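Accompanying notes for the structure given below.
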There are 4 protein chains.
Amino acid sequence: MMRSDSGADDIVKKLINVREFEEEAKKRIPKNAWEYYRSGANYELSLRESEAAFDRLRIRPRFFNQDLSNRDLRTQIFGHGLNFPIGVSPTAMQKMAHPLGEVATAKACEAMKTIYTMSTLSTSSIEEVALAAPGATKWFQLYIYKDRKMSLDLVRRAEVAGFKAIVITVDLPIPGQRYDDLRNKFVLPSNLRLANIPPQLARMSHEEDSSGFVSYVTKQFDATLTWKDFEWFQKQTKLPVLAKGILTVEDALLAVAHGASGIVVSNHGARQLDSVPASVNT
Amino acid sequence: MMRSDSGADDIVKKLINVREFEEEAKKRIPKNAWEYYRSGANYELSLRESEAAFDRLRIRPRFFNQDLSNRDLRTQIFGHGLNFPIGVSPTAMQKMAHPLGEVATAKACEAMKTIYTMSTLSTSSIEEVALAAPGATKWFQLYIYKDRKMSLDLVRRAEVAGFKAIVITVDLPIPGQRYDDLRNKFVLPSNLRLANIPPQLARMSHEEDSSGFVSYVTKQFDATLTWKDFEWFQKQTKLPVLAKGILTVEDALLAVAHGASGIVVSNHGARQLDSVPASVNT
Amino acid sequence: MMRSDSGADDIVKKLINVREFEEEAKKRIPKNAWEYYRSGANYELSLRESEAAFDRLRIRPRFFNQDLSNRDLRTQIFGHGLNFPIGVSPTAMQKMAHPLGEVATAKACEAMKTIYTMSTLSTSSIEEVALAAPGATKWFQLYIYKDRKMSLDLVRRAEVAGFKAIVITVDLPIPGQRYDDLRNKFVLPSNLRLANIPPQLARMSHEEDSSGFVSYVTKQFDATLTWKDFEWFQKQTKLPVLAKGILTVEDALLAVAHGASGIVVSNHGARQLDSVPASVNT
Amino acid sequence: MMRSDSGADDIVKKLINVREFEEEAKKRIPKNAWEYYRSGANYELSLRESEAAFDRLRIRPRFFNQDLSNRDLRTQIFGHGLNFPIGVSPTAMQKMAHPLGEVATAKACEAMKTIYTMSTLSTSSIEEVALAAPGATKWFQLYIYKDRKMSLDLVRRAEVAGFKAIVITVDLPIPGQRYDDLRNKFVLPSNLRLANIPPQLARMSHEEDSSGFVSYVTKQFDATLTWKDFEWFQKQTKLPVLAKGILTVEDALLAVAHGASGIVVSNHGARQLDSVPASVNT
């Protein structure tokens, strides 16, 4: 069902906007993976709103106010140069879409000179990505698991591999529901593995039992977490630590007060809790 | 047309959200009953608005502010414990949907430990429900009929049967119009009866004449009712008495001033008067 | 195409709301007449808005505040009793819809005890309507034509026939455009006539030439009219004179200042000038 | 595909509003030209909004306040009389729609006595238009090219040809994207030429290479332009100079401060930068 084309092909060269990429991707990606990527939480109110909120934004263009012949979108973050101030958010299990998975995404970010944020739930390992895209500005997304050592081990590996920041997800005290995944009894395809997770744990996600993946995820998450844990955790690394999933001013202030070097305003791709606002409106 | 499955079957086990339950129910329930349940007053402006109003609500999620490992939705109402603060509203004639009717709903509420509010217009009797679900927190919905004794008799039966509150409907001085019911010439199917109504009255609802049920309901309701009647009525029982159907602050204050132990903010499922606001927006 | 049923038939008895009446009417009325009745000015923005504006209105129902057993919608206007405060607006050429035309409408208003407003452009005459519905509260809608005597003659006939008020249309300095009528080259069917207009004038509306009716109407209207003309005109009769077509507070005040006994807030059924507000929102 | 009818035909005489003209035009104009004319920038949010914004405008009609028999929409602009205060904006390459192209449009403006604004990117020349419509009030739309002399030459030709104003487009520092044009690899049909552009330049737009026209346009535009250039430029002619493409109050004030005789509030037909407001809302 998925073609093993390892690079851009003639069709892709003709695509002219992100909607056309999305349509082409849908043709190539197996249904259960496509719906895992596409879907939002519950009735997808927030998913629809997240796109509609962008459509309502209005640009007030100004003209003839400055020489625009040398437009420069370059910026810096934590001392690292970027070509433009837009980065790649963490998304899980990219090999379901393409055999090169996260490695290809990281290499694209390296070429574009922007941030690649790697998901803990990647199908490539920290070390594979670091080896393939040594020049990319790589950040590592992390959950603070009940087993703190398991989380710290991931941080150590990211540090060694040259990652530049740790992004702690705060918006998953309880996993969200995506109806398509429930209907598909979504599990990671058996030829893939969660490459960052120790094998004895990752194996759980391959179970035939429909609740396997969900129960695996559910069991690892720690619903006791508070900002004290965040504060403790960010002291365990010299890398900047960001809090991802903030949707209120109150929590943004608390994140900084507890040592966050930055926040990622995000509704988790509208995949986690339906009825939350669009990130762009927050 | 209606299968006589007495419990949950394999299909039901696979349903994952209320819309899927609704679609499955539509397949199983005879058209005239389905449309009786589904429909709203007149052109259903308020019915559509009642769902749309929920979709517009936004959650502002806060994270890492407290330990969420022991989430506890338990609450108390009138001294009775509930597992969560959502109860079952009174709906009429449930045996049209399933042979177990109100008995099954009451047993479900008992199992979930939440409030079951029984409609006067039930197809199971007060006593059947009480016997089947002795541990449920049961409330009884009541109209104050022209014949006060007929209403008081129902209260006495509810008291004896262990019901915990009386819910007086205030929003039916004149019965609403549902076009589907008018088109279907809706009457209670002849194999069912209004189990709480004395037989000589309940028989009226079986008439072949299309206006039978409507005229029956119309004749029992008392359009002279004011808060004085409510006040008198609530003094006739030691149970807490709630006023159901309140849609304005003014009436909420009047209800309490006249002895109501609580109010139920409700637009009667948008079945009574079209163009009223969604209950959730009131 | 049009059945010659002279009264309500079995189908009509089963209709339960105005939409069903509209659907049934569409089946019975010839296309060019139906579209004349149905259409609004230009792109029908105001026509759509006129219905949507009603749908947005919300009722705040109050309950148990008074005895509702004797609901009484009766009211008086200019000393005449009505059963409820809703009247029938003037609409033109009703015999296109039914052989009894305006006579039937006036008799219905008599039976319902509400106002019947007769259009100058009727296919029944003032005298026919008066004879058929002597007990109806009848008003007469009038344009002030260039030929003032032609307008005054209509007023005299209305006075003699027992009409109770004159309603002067102010919103037609220039006739509106309805695209359906332009497409249909709408003319009054040749078997009908404008019964209130002197034959030598009315004949013009029967011309085969597509522009016949439009040019006839256009030529009679007087674009020089101001409130001074209104003031002069209302002094020519002892009947109350209303100004119909008011859509602003400013004009409402001017109407009264120039002798109007009342105003009719109206956007002319959204048939006259597109982009005006819904009457109900004015 | 395009009929060579040189004048209005029977079908056109029957068209009654601009939508019908649009539908008829779509049948007659080749797809790549039609989509060039029809399309807006990117996802066409601003294109849709530009029409929707008009639909939301409301007229507050006043009646009987003045004699309307002699309605007079005549106005003057820069000392030239117009029959009504609406002019024709510059649009490019009109011979793709009809063999007479800009000449026909200019003659129509002459007949209607309103402004014709000629696009630099016309398929008729300045001189052809001037010869065909000597009495029209003609304005000339201009880009300030990197090669100032090329722009000034166009101004001199417009002056000689009797044009009455120069309209400098300010909203094209970087050309917009229209997806239909990208899909169609839009180029000017080979039988047409940009009649105002020196042949050695215009030839570039005929290249088979899909990027030919886009790259041609891109290369001529000068992204260094500021109001100082506008100010210098407007001093090179005695004609009034307007700034076209203004969408903010701030830029309107700057335009006037730098010598503009007027501004054209415009979002470039929503063809240039998506997400800008509708011109009518600015």
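Chain lettering (A, B, ...) mirrors the order of the structure tokens, residue numbering begins at 1 for each chain separately, and ligand numbering begins at 1 in order of display.
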**Study point:** Gly269 in chain B environment, 10 Å, only C-alpha atoms, sequence neighbours closer than 4 positions dropped, as a PyMOL selection string
**Key:** chain B and resi 37-41+46-47+50+89+91+245+273+278-279
Any chance you could export the current selection's N, CA, C and O atoms as an mmCIF file, in the first residue's frame?
```cif
data_model
loop_
_atom_site.group_PDB
_atom_site.id
_atom_site.type_symbol
_atom_site.label_atom_id
_atom_site.label_comp_id
_atom_site.auth_asym_id
_atom_site.auth_seq_id
_atom_site.Cartn_x
_atom_site.Cartn_y
_atom_site.Cartn_z
ATOM 1 N N TYR B 37 -38.936 10.680 20.167
ATOM 2 C CA TYR B 37 -37.755 10.935 21.002
ATOM 3 C C TYR B 37 -36.872 12.039 20.401
ATOM 4 O O TYR B 37 -36.354 12.884 21.096
ATOM 5 N N ARG B 38 -36.657 12.002 19.106
ATOM 6 C CA ARG B 38 -35.672 12.838 18.447
ATOM 7 C C ARG B 38 -36.089 14.289 18.286
ATOM 8 O O ARG B 38 -35.261 15.202 18.291
ATOM 9 N N SER B 39 -37.382 14.500 18.121
ATOM 10 C CA SER B 39 -37.830 15.781 17.592
ATOM 11 C C SER B 39 -37.858 16.875 18.649
ATOM 12 O O SER B 39 -37.905 16.635 19.849
ATOM 13 N N GLY B 40 -37.812 18.120 18.159
ATOM 14 C CA GLY B 40 -37.965 19.295 18.998
ATOM 15 C C GLY B 40 -39.199 20.070 18.572
ATOM 16 O O GLY B 40 -39.865 19.715 17.594
ATOM 17 N N ALA B 41 -39.472 21.128 19.284
ATOM 18 C CA ALA B 41 -40.678 21.901 18.994
ATOM 19 C C ALA B 41 -40.544 22.608 17.650
ATOM 20 O O ALA B 41 -39.468 23.042 17.253
ATOM 21 N N SER B 46 -34.426 25.706 18.381
ATOM 22 C CA SER B 46 -33.833 25.538 19.709
ATOM 23 C C SER B 46 -33.157 24.179 19.832
ATOM 24 O O SER B 46 -32.139 24.051 20.515
ATOM 25 N N LEU B 47 -33.702 23.182 19.151
ATOM 26 C CA LEU B 47 -33.073 21.858 19.195
ATOM 27 C C LEU B 47 -31.667 21.935 18.584
ATOM 28 O O LEU B 47 -30.688 21.460 19.170
ATOM 29 N N SER B 50 -29.399 23.918 20.770
ATOM 30 C CA SER B 50 -29.018 23.264 22.026
ATOM 31 C C SER B 50 -27.754 22.436 21.847
ATOM 32 O O SER B 50 -26.930 22.352 22.760
ATOM 33 N N SER B 89 -32.254 12.923 33.130
ATOM 34 C CA SER B 89 -33.484 13.709 33.114
ATOM 35 C C SER B 89 -34.673 12.820 32.825
ATOM 36 O O SER B 89 -34.534 11.752 32.231
ATOM 37 N N THR B 91 -37.535 11.330 30.836
ATOM 38 C CA THR B 91 -38.047 11.237 29.468
ATOM 39 C C THR B 91 -39.167 10.214 29.465
ATOM 40 O O THR B 91 -39.131 9.232 30.207
ATOM 41 N N GLY B 245 -37.510 23.444 34.347
ATOM 42 C CA GLY B 245 -37.936 24.186 33.164
ATOM 43 C C GLY B 245 -37.644 25.672 33.268
ATOM 44 O O GLY B 245 -38.112 26.466 32.467
ATOM 45 N N LEU B 273 -41.130 24.768 23.482
ATOM 46 C CA LEU B 273 -41.367 26.090 22.889
ATOM 47 C C LEU B 273 -40.148 26.414 22.045
ATOM 48 O O LEU B 273 -39.034 26.551 22.562
ATOM 49 N N ALA B 278 -30.687 27.753 24.305
ATOM 50 C CA ALA B 278 -30.157 26.483 24.784
ATOM 51 C C ALA B 278 -30.047 26.548 26.302
ATOM 52 O O ALA B 278 -29.675 27.571 26.869
ATOM 53 N N SER B 279 -30.377 25.443 26.968
ATOM 54 C CA SER B 279 -30.294 25.418 28.436
ATOM 55 C C SER B 279 -28.893 25.793 28.897
ATOM 56 O O SER B 279 -28.709 26.526 29.868
#
```
Tell me, counting only C-alpha atoms, for each residue of chain C within 12 Å of chain B, which pair of atoms is nearest and how far apart they are in Å to one decimal, in rows ordered by chain and increasing number, as a tab-separated table.
```
residue	atom	partner	partner_atom	distance
C:Lys14	CA	B:Arg183	CA	8.4
C:Leu15	CA	B:Arg183	CA	8.9
C:Ile16	CA	B:Tyr179	CA	7.1
C:Asn17	CA	B:Tyr179	CA	8.0
C:Val18	CA	B:Tyr43	CA	10.4
C:Arg19	CA	B:Tyr43	CA	9.5
C:Glu20	CA	B:Tyr179	CA	10.6
C:Ala52	CA	B:Leu45	CA	10.9
C:Ala53	CA	B:Ser275	CA	11.9
C:Phe54	CA	B:Ser275	CA	9.2
C:Asp55	CA	B:Leu45	CA	6.9
C:Arg56	CA	B:Ser275	CA	7.9
C:Leu57	CA	B:Ser275	CA	6.8
C:Arg58	CA	B:Ser275	CA	5.1
C:Ile59	CA	B:Val276	CA	4.9
C:Arg60	CA	B:Val276	CA	6.2
C:Pro61	CA	B:Leu247	CA	6.7
C:Arg62	CA	B:Asp251	CA	6.5
C:Phe63	CA	B:Asp171	CA	6.2
C:Phe64	CA	B:Thr226	CA	3.9
C:Asn65	CA	B:Thr226	CA	5.4
C:Gln66	CA	B:Thr226	CA	5.6
C:Asp67	CA	B:Thr224	CA	4.1
C:Leu68	CA	B:Ala223	CA	5.0
C:Ser69	CA	B:Ala223	CA	4.7
C:Asn70	CA	B:Ala223	CA	8.4
C:Arg71	CA	B:Ala223	CA	9.4
```
Check your understanding: Could you pull out the alpha helix (DSSP H) residues of range 34-252 of chain C from DSSP and send them as a PyMOL selection string?
Key -> chain C and resi 34-38+45-56+101-112+126-132+148-160+179-184+199-202+212-220+227-234+249-252
Review point. Where in range 43-194 of chain C does DSSP assign strand (DSSP E or B), given as a list in words?
Key: Thr75, Gln76, Ile77, His80, Gly81, Leu82, Val88, Ile115, Tyr116, Thr117, Met118, Thr137, Lys138, Trp139, Phe140, Gln141, Leu142, Tyr145, Ala165, Ile166, Val167, Ile168 and Thr169 of chain C
Kindly save the residues from that selection, with C-alpha atoms included, as a PDB file, in the first residue's frame.
```
ATOM      1  CA  THR C  75     -56.302  44.257  20.882  1.00  0.00           C
ATOM      2  CA  GLN C  76     -57.672  47.389  19.264  1.00  0.00           C
ATOM      3  CA  ILE C  77     -56.338  49.552  16.488  1.00  0.00           C
ATOM      4  CA  HIS C  80     -61.463  48.457  15.847  1.00  0.00           C
ATOM      5  CA  GLY C  81     -61.188  45.193  17.705  1.00  0.00           C
ATOM      6  CA  LEU C  82     -58.834  42.430  16.530  1.00  0.00           C
ATOM      7  CA  VAL C  88     -52.334  40.722   6.592  1.00  0.00           C
ATOM      8  CA  ILE C 115     -56.789  43.345   9.531  1.00  0.00           C
ATOM      9  CA  TYR C 116     -56.929  42.787   5.802  1.00  0.00           C
ATOM     10  CA  THR C 117     -54.845  45.301   3.872  1.00  0.00           C
ATOM     11  CA  MET C 118     -55.800  45.438   0.232  1.00  0.00           C
ATOM     12  CA  THR C 137     -61.364  45.464   9.296  1.00  0.00           C
ATOM     13  CA  LYS C 138     -60.115  46.480   5.877  1.00  0.00           C
ATOM     14  CA  TRP C 139     -57.282  48.865   5.127  1.00  0.00           C
ATOM     15  CA  PHE C 140     -56.350  50.115   1.686  1.00  0.00           C
ATOM     16  CA  GLN C 141     -52.761  50.320   0.429  1.00  0.00           C
ATOM     17  CA  LEU C 142     -52.110  53.187  -1.933  1.00  0.00           C
ATOM     18  CA  TYR C 145     -49.487  58.608  -8.283  1.00  0.00           C
ATOM     19  CA  ALA C 165     -57.407  53.214   7.045  1.00  0.00           C
ATOM     20  CA  ILE C 166     -55.226  54.256   4.128  1.00  0.00           C
ATOM     21  CA  VAL C 167     -51.696  52.855   3.969  1.00  0.00           C
ATOM     22  CA  ILE C 168     -49.413  54.942   1.791  1.00  0.00           C
ATOM     23  CA  THR C 169     -46.372  53.138   0.467  1.00  0.00           C
TER      24      THR C 169
END
```
Surrounding residues of Gln220 in chain A excluding itself and chain neighbours under 6 positions, 9 Å, only C-alpha atoms, as a JSON list (two decimals) with all heavy atoms, in the first residue's frame:
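File produced: around08.json:
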```
[["chain", "number", "residue", "atom", "x", "y", "z"],
["A", 143, "TYR", "N", 8.08, 12.96, 27.82],
["A", 143, "TYR", "CA", 7.12, 12.86, 28.91],
["A", 143, "TYR", "C", 7.88, 12.52, 30.18],
["A", 143, "TYR", "O", 8.84, 11.76, 30.13],
["A", 143, "TYR", "CB", 6.08, 11.76, 28.62],
["A", 143, "TYR", "CG", 5.30, 11.99, 27.36],
["A", 143, "TYR", "CD1", 5.62, 11.31, 26.19],
["A", 143, "TYR", "CD2", 4.24, 12.90, 27.33],
["A", 143, "TYR", "CE1", 4.90, 11.52, 25.02],
["A", 143, "TYR", "CE2", 3.52, 13.12, 26.16],
["A", 143, "TYR", "CZ", 3.85, 12.42, 25.02],
["A", 143, "TYR", "OH", 3.16, 12.64, 23.87],
["A", 144, "ILE", "N", 7.46, 13.09, 31.30],
["A", 144, "ILE", "CA", 8.02, 12.65, 32.58],
["A", 144, "ILE", "C", 7.23, 11.42, 33.01],
["A", 144, "ILE", "O", 6.06, 11.51, 33.39],
["A", 144, "ILE", "CB", 7.93, 13.75, 33.66],
["A", 144, "ILE", "CG1", 8.58, 15.04, 33.15],
["A", 144, "ILE", "CG2", 8.58, 13.28, 34.95],
["A", 144, "ILE", "CD1", 8.54, 16.19, 34.16],
["A", 145, "TYR", "N", 7.89, 10.24, 32.87],
["A", 145, "TYR", "CA", 7.21, 8.99, 33.19],
["A", 145, "TYR", "C", 7.21, 8.74, 34.68],
["A", 145, "TYR", "O", 7.99, 9.34, 35.44],
["A", 145, "TYR", "CB", 7.89, 7.83, 32.47],
["A", 145, "TYR", "CG", 7.74, 7.91, 30.97],
["A", 145, "TYR", "CD1", 8.83, 8.21, 30.17],
["A", 145, "TYR", "CD2", 6.49, 7.69, 30.38],
["A", 145, "TYR", "CE1", 8.69, 8.29, 28.79],
["A", 145, "TYR", "CE2", 6.35, 7.77, 29.00],
["A", 145, "TYR", "CZ", 7.45, 8.07, 28.21],
["A", 145, "TYR", "OH", 7.31, 8.16, 26.86],
["A", 146, "LYS", "N", 6.33, 7.84, 35.08],
["A", 146, "LYS", "CA", 6.34, 7.42, 36.49],
["A", 146, "LYS", "C", 7.75, 7.00, 36.88],
["A", 146, "LYS", "O", 8.24, 7.35, 37.95],
["A", 146, "LYS", "CB", 5.37, 6.25, 36.68],
["A", 146, "LYS", "CG", 3.91, 6.67, 36.61],
["A", 146, "LYS", "CD", 2.99, 5.46, 36.69],
["A", 146, "LYS", "CE", 1.54, 5.88, 36.51],
["A", 146, "LYS", "NZ", 0.67, 4.73, 36.25],
["A", 147, "ASP", "N", 8.37, 6.25, 36.01],
["A", 147, "ASP", "CA", 9.76, 5.83, 36.23],
["A", 147, "ASP", "C", 10.67, 6.98, 35.78],
["A", 147, "ASP", "O", 11.04, 7.09, 34.61],
["A", 147, "ASP", "CB", 10.03, 4.56, 35.42],
["A", 147, "ASP", "CG", 11.46, 4.07, 35.57],
["A", 147, "ASP", "OD1", 12.29, 4.80, 36.15],
["A", 147, "ASP", "OD2", 11.74, 2.97, 35.07]]
```
**Study point:** Exercise: Leu121 in chain D partners within 7 Å, only C-alpha atoms, chain neighbours under 4 positions left out, as a ChimeraX atom specification
**Key:** /D:92-93,194,196
Write the residues you've just listed into a file as a PDB file, in the first residue's frame, and include all heavy atoms for each of them.
```pdb
ATOM      1  N   ALA D  92      -5.300  43.077 -16.402  1.00  0.00           N
ATOM      2  CA  ALA D  92      -4.288  42.786 -17.418  1.00  0.00           C
ATOM      3  C   ALA D  92      -4.850  41.946 -18.562  1.00  0.00           C
ATOM      4  O   ALA D  92      -5.831  41.227 -18.401  1.00  0.00           O
ATOM      5  CB  ALA D  92      -3.113  42.068 -16.778  1.00  0.00           C
ATOM      6  N   MET D  93      -4.247  42.050 -19.705  1.00  0.00           N
ATOM      7  CA  MET D  93      -4.360  41.093 -20.809  1.00  0.00           C
ATOM      8  C   MET D  93      -5.791  40.764 -21.205  1.00  0.00           C
ATOM      9  O   MET D  93      -6.222  39.616 -21.202  1.00  0.00           O
ATOM     10  CB  MET D  93      -3.598  39.819 -20.419  1.00  0.00           C
ATOM     11  CG  MET D  93      -2.137  40.134 -20.143  1.00  0.00           C
ATOM     12  SD  MET D  93      -1.124  38.699 -19.717  1.00  0.00           S
ATOM     13  CE  MET D  93      -1.614  38.439 -18.036  1.00  0.00           C
ATOM     14  N   LEU D 194       2.166  41.636 -24.894  1.00  0.00           N
ATOM     15  CA  LEU D 194       2.002  42.753 -23.980  1.00  0.00           C
ATOM     16  C   LEU D 194       2.346  44.011 -24.767  1.00  0.00           C
ATOM     17  O   LEU D 194       3.509  44.353 -24.966  1.00  0.00           O
ATOM     18  CB  LEU D 194       2.917  42.586 -22.762  1.00  0.00           C
ATOM     19  CG  LEU D 194       2.580  41.373 -21.875  1.00  0.00           C
ATOM     20  CD1 LEU D 194       3.578  41.247 -20.732  1.00  0.00           C
ATOM     21  CD2 LEU D 194       1.166  41.493 -21.321  1.00  0.00           C
ATOM     22  N   ASN D 196       2.314  47.173 -24.420  1.00  0.00           N
ATOM     23  CA  ASN D 196       2.999  48.373 -23.915  1.00  0.00           C
ATOM     24  C   ASN D 196       4.461  48.126 -23.586  1.00  0.00           C
ATOM     25  O   ASN D 196       5.193  49.061 -23.285  1.00  0.00           O
ATOM     26  CB  ASN D 196       2.310  48.879 -22.640  1.00  0.00           C
ATOM     27  CG  ASN D 196       0.951  49.465 -22.956  1.00  0.00           C
ATOM     28  OD1 ASN D 196       0.752  50.056 -24.016  1.00  0.00           O
ATOM     29  ND2 ASN D 196       0.008  49.274 -22.043  1.00  0.00           N
TER      30      ASN D 196
END
```
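For the pair CA of Thr105 in chain B and CA of Thr123 in chain B, the separation is 12.0 Å.
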Review point. Could you name the residues that touch Lys31 in chain B at 12 Å or less, counting only C-alpha atoms, but leaving out those on the same chain fewer than 4 positions away, as a count of residues only?
Key: 19
**Study point:** CA of Asn191 in chain C to CA of Lys95 in chain C, distance in Å rounded to a single decimal
**Key:** 9.8 Å
Practice item. Compare A:Ala195, A:Glu51, A:Gly79, A:Ile263 by their minimum atom-to-atom distance to Val280 in chain A, counting only C-alpha atoms, and give me the closest one. Key: A:Glu51
